[in-house]
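Here the structure comes first, spelled out in structure tokens, and everything after it is commentary.
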Amino acid sequence: MESQPAPVPPQRTREGFTADFRRFFLRGLATLLPTLITILLLLKIWEILWEYLGQHIIFVLKWLSYKLAGRQIADIKWYWEIHQPQWLVELLGVVLAILLVYIVGLFVGHFIGRTSWRLLEMALTRTPVIRSIYPAVKQVTDFVLSERKSHLQSGRVVAVEPHASGIWSVGLLTGPGIKPLSQMLGSDMVTVFIPSSPTAFSGYVVVVPRQKVVELPLTVEEAMQLLLTGGVSMPASAMRPFPARTLGEVLAQPQLRQEERSDAPSIQPGIGKELAP
């Protein structure tokens, strides 16, 4: 019996310089890109604080030096524009801008300041042109920066089918639906904000039947992490077993024992009343 010749191992083809360069370039880009984007965002924040607040605060300091200290304009210009390095002037302006923002927050945190600010907002909402812009901008800033974030509490992360059956989107429950639409369809409706990836704070609003909204065991922070990374970073809570329930089923069982829902954030106490038709 003749012996079979040993199989020849396949030879590995050597990749060319272009393939090597492409692979290592992408690897280096994936390593550096998060750091570069973080630095870019910090620089943008610095630029906004300096351009819109800091340089104007420095101008006020120059004006006070001229009016109160009696210094000559030439001396003021020499001190701020020649004697002091530009980076130090910008640093001082940014620090003072941060301090000013803190003082404004401290002011509106008290009753007198809050009342005064509301009166100012009422005046702005009665001003032509401004009244068509300011309320929308305020709603967006309140949505993103509000301390209470009552509209973004845990238990309001939901899943809906906005486009086609079987294709789900993660969204945030924001409030009750449009009443005429609910009356016409004969079904309780709710509004859901569906963020887009990777910005997460931009997106669109859909009005869907309450029974078609599925509760998810995610906090808002975990949902934002999921959206910002395009689904690459999956929160640990999303991997835990959790009985799927529609929002209508949850609201229909307010007596549900807390231990039965220990794996998921609880629905806000007032959510059923808030979303009642």
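Chain labels follow the order of the structure tokens: the first chain is A, the next B, and so on; residue numbering restarts at 1 in every chain, and ligands are counted from 1 in their shown order.
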
Alpha helix (DSSP H) call set, DSSP backbone run, region 15-258 of chain A, as an NGL selection string: :A and (17-49 or 55-67 or 73-77 or 86-108 or 111-125 or 134-145 or 179-185 or 220-228 or 247-251)

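CA of Leu33 (chain A) is positioned 13.4 Å from CA of Thr229 (chain A).
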
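Across the model, the gap from CA of Ile133 (chain A) to CA of Pro195 (chain A) is 22.0 Å.
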
Can you tell me, as number ranges by chain, which residues in region 93-178 of chain A count as strand (DSSP E or B) by DSSP? A: 157-160, 169-176
